[in-house]
Every structure is written in C-alpha cells, then in structure tokens.
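Contents: one structure, followed by commentary.
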Amino acid sequence: MTWRSAASVVLVCLGVGLGAVATLGVVVMRDWQDRVHYAGVAALGVVLVGLAVLVRESFSIIGDKALVTAVLMLVGSPIANHVILRSGRIRTLGDWRRNVDDQIEAQ
Amino acid sequence: MSQWLLGAAVLAVCLVPCAAVCFYAGPLSGLAALQVAGGLTTSILILLAEAFRRQPFIDLAVVFAALMVVGGIVFARILERDL
C-alpha cells in the first residue's frame with residue numbers, strides 16, 4: 001500500500017464519519033438553528049472526500065473535478081447557511097437585526 | 001467491496017434520517033436537513049465516481065454541489081415569507 005492509498009483511506013473515513021456525525025446532529029438537535037450548524041459539517045465531509053480522490057488520482061480529470069467540487073462546497077456552503085439562518089430569523093422574528101430581541105423584550 | 005463503495009453505502013443509509021426530518025420536522029428544520037442531505041449526496045457521487053471509475057458521476061457531483069448551494073438560497077428566500 002502506497003502512502004497515497006493510505007492517505008486516501010484515512011481521508012475517506014474522516015469524510016464519511018463527518019457525514020454520519022452531521023446526520024446524527026440533524027436528527028438529535030431540536031432547534032432549527034442548531035440543525036443548520038450540521039450542514040457545515042456535512043460540507044466539510046465533502047471536502048475531505050474530494051481531497052481523498054485528489055490524493056489518490058493526483059491532478060487528473062477526476063482529481064481536478066473533485067477539487068472543484070470541494071472548493072464549491074467550501075465557498076458555497078457557508079453562504080447558503082448564512083442565508084438560511086437570516087431568512088429563518090426574519091421568518092420567526094420579523095427582522096434579522098440583532099436589536100430585535102431587545103425590542104421584543106421591551107414590548 | 002472497496003472503501004469507496006463502503007463509504008457510499010454508509011452515506012446512503014444516512015440519507016434516510018435526513019428525509020425523515022424533512023418530512024416530519026418544521027420547514028426550517030427540513031431545509032437544514034435538506035442541506036445536509038445535499039452534502040451527503042455530493043459525497044456519494046464522488047465516491048461512486050472513484051469506485052466505478054466513471055467520469056459522468058464526478059460531473060454530476062460538480063453540478064449537484066453548485067445547484068445545492070443555489071437551491072438552498074432560493075428555498076431560504078421563499079421560506080422567509082409565510083407559506
């Protein structure tokens with residue numbers, strides 16, 4: 001077994017493990033805001049799986065596309081999670097600004 | 001069974017609880033579960049592409065990752081208003 005194969009096995013195990021942890025978190029957590037955090041964990045799992053393919057195949061066609069997928073998830077997932085949390089805050093509180101909590105308590 | 005196929009099988013099983021949360025929890029929790037399921041599906045497509053050495057699967061993974069981000073943003077903007 002070469003070091004590339006060993007590293008790819010480790011990365012795949014870590015990526016799949018993070019996916020399983022994300023699923024467990026979504027099921028166990030009760031609040032929707034807590035659940036959104038685990039979407040980031042799942043995205044990190046995708047990055048590790050993509051890196052596993054890149055380590056195994058080096059910079060080939062499949063390796064490059066795995067790298068593109070990992071970068072897409074690394075950049076896009078935090079943006080999507082932020083928009084979800086912002087929209088959820090607007091849906092539940094009527095406004096996303098921080099001082100809405102204080103105004104509600106004052107009322 | 002290689003580690004790639006084994007990982008894809010484990011992640012495919014993980015899709016079932018995410019679908020259950022989508023069906024039975026509220027809309028915002030369902031959207032969070034949908035995002036997690038999208039990440040799992042992207043991982044599955046990458047793992048299957050490497051296991052079977054099929055190029056189209058990795059193309060699907062790239063497209064799916066991009067559409068998952070856009071879809072999540074669109075769903076969030078729709079859920080912002082009361083349905």
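If you're wondering about the labels, chains in the structure tokens are A, B, ... by order shown, residues count from 1 in each chain, ligands from 1 in order shown.
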Problem set entry | Neighbours of chain A in chain B at 6 Å, counting only C-alpha atoms, as a list in words |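 My answer is Gly7, Leu28, Ser29, Ala32, Gln35, Val36, Gly39, Ser43, Val62, Val69, Gly72, Ile73, Ala76 and Glu80 of chain B.
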Problem set entry | Point-to-point distance in Å for atom CA of B:Thr42 and atom CA of A:Thr2 |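 Atom-to-atom, atom CA of A:Thr2 to atom CA of B:Thr42, that is 26.7 Å.
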Problem set entry | atom CA of B:Ala66 to atom CA of B:Gly38, distance in Å rounded to a single decimal | 10.3 Å
For this session: Figure out the distance between atom CA of B:Ala9 and atom CA of A:Ser60, please, to one decimal in Å.
Result: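 So the answer is 25.3 Å.
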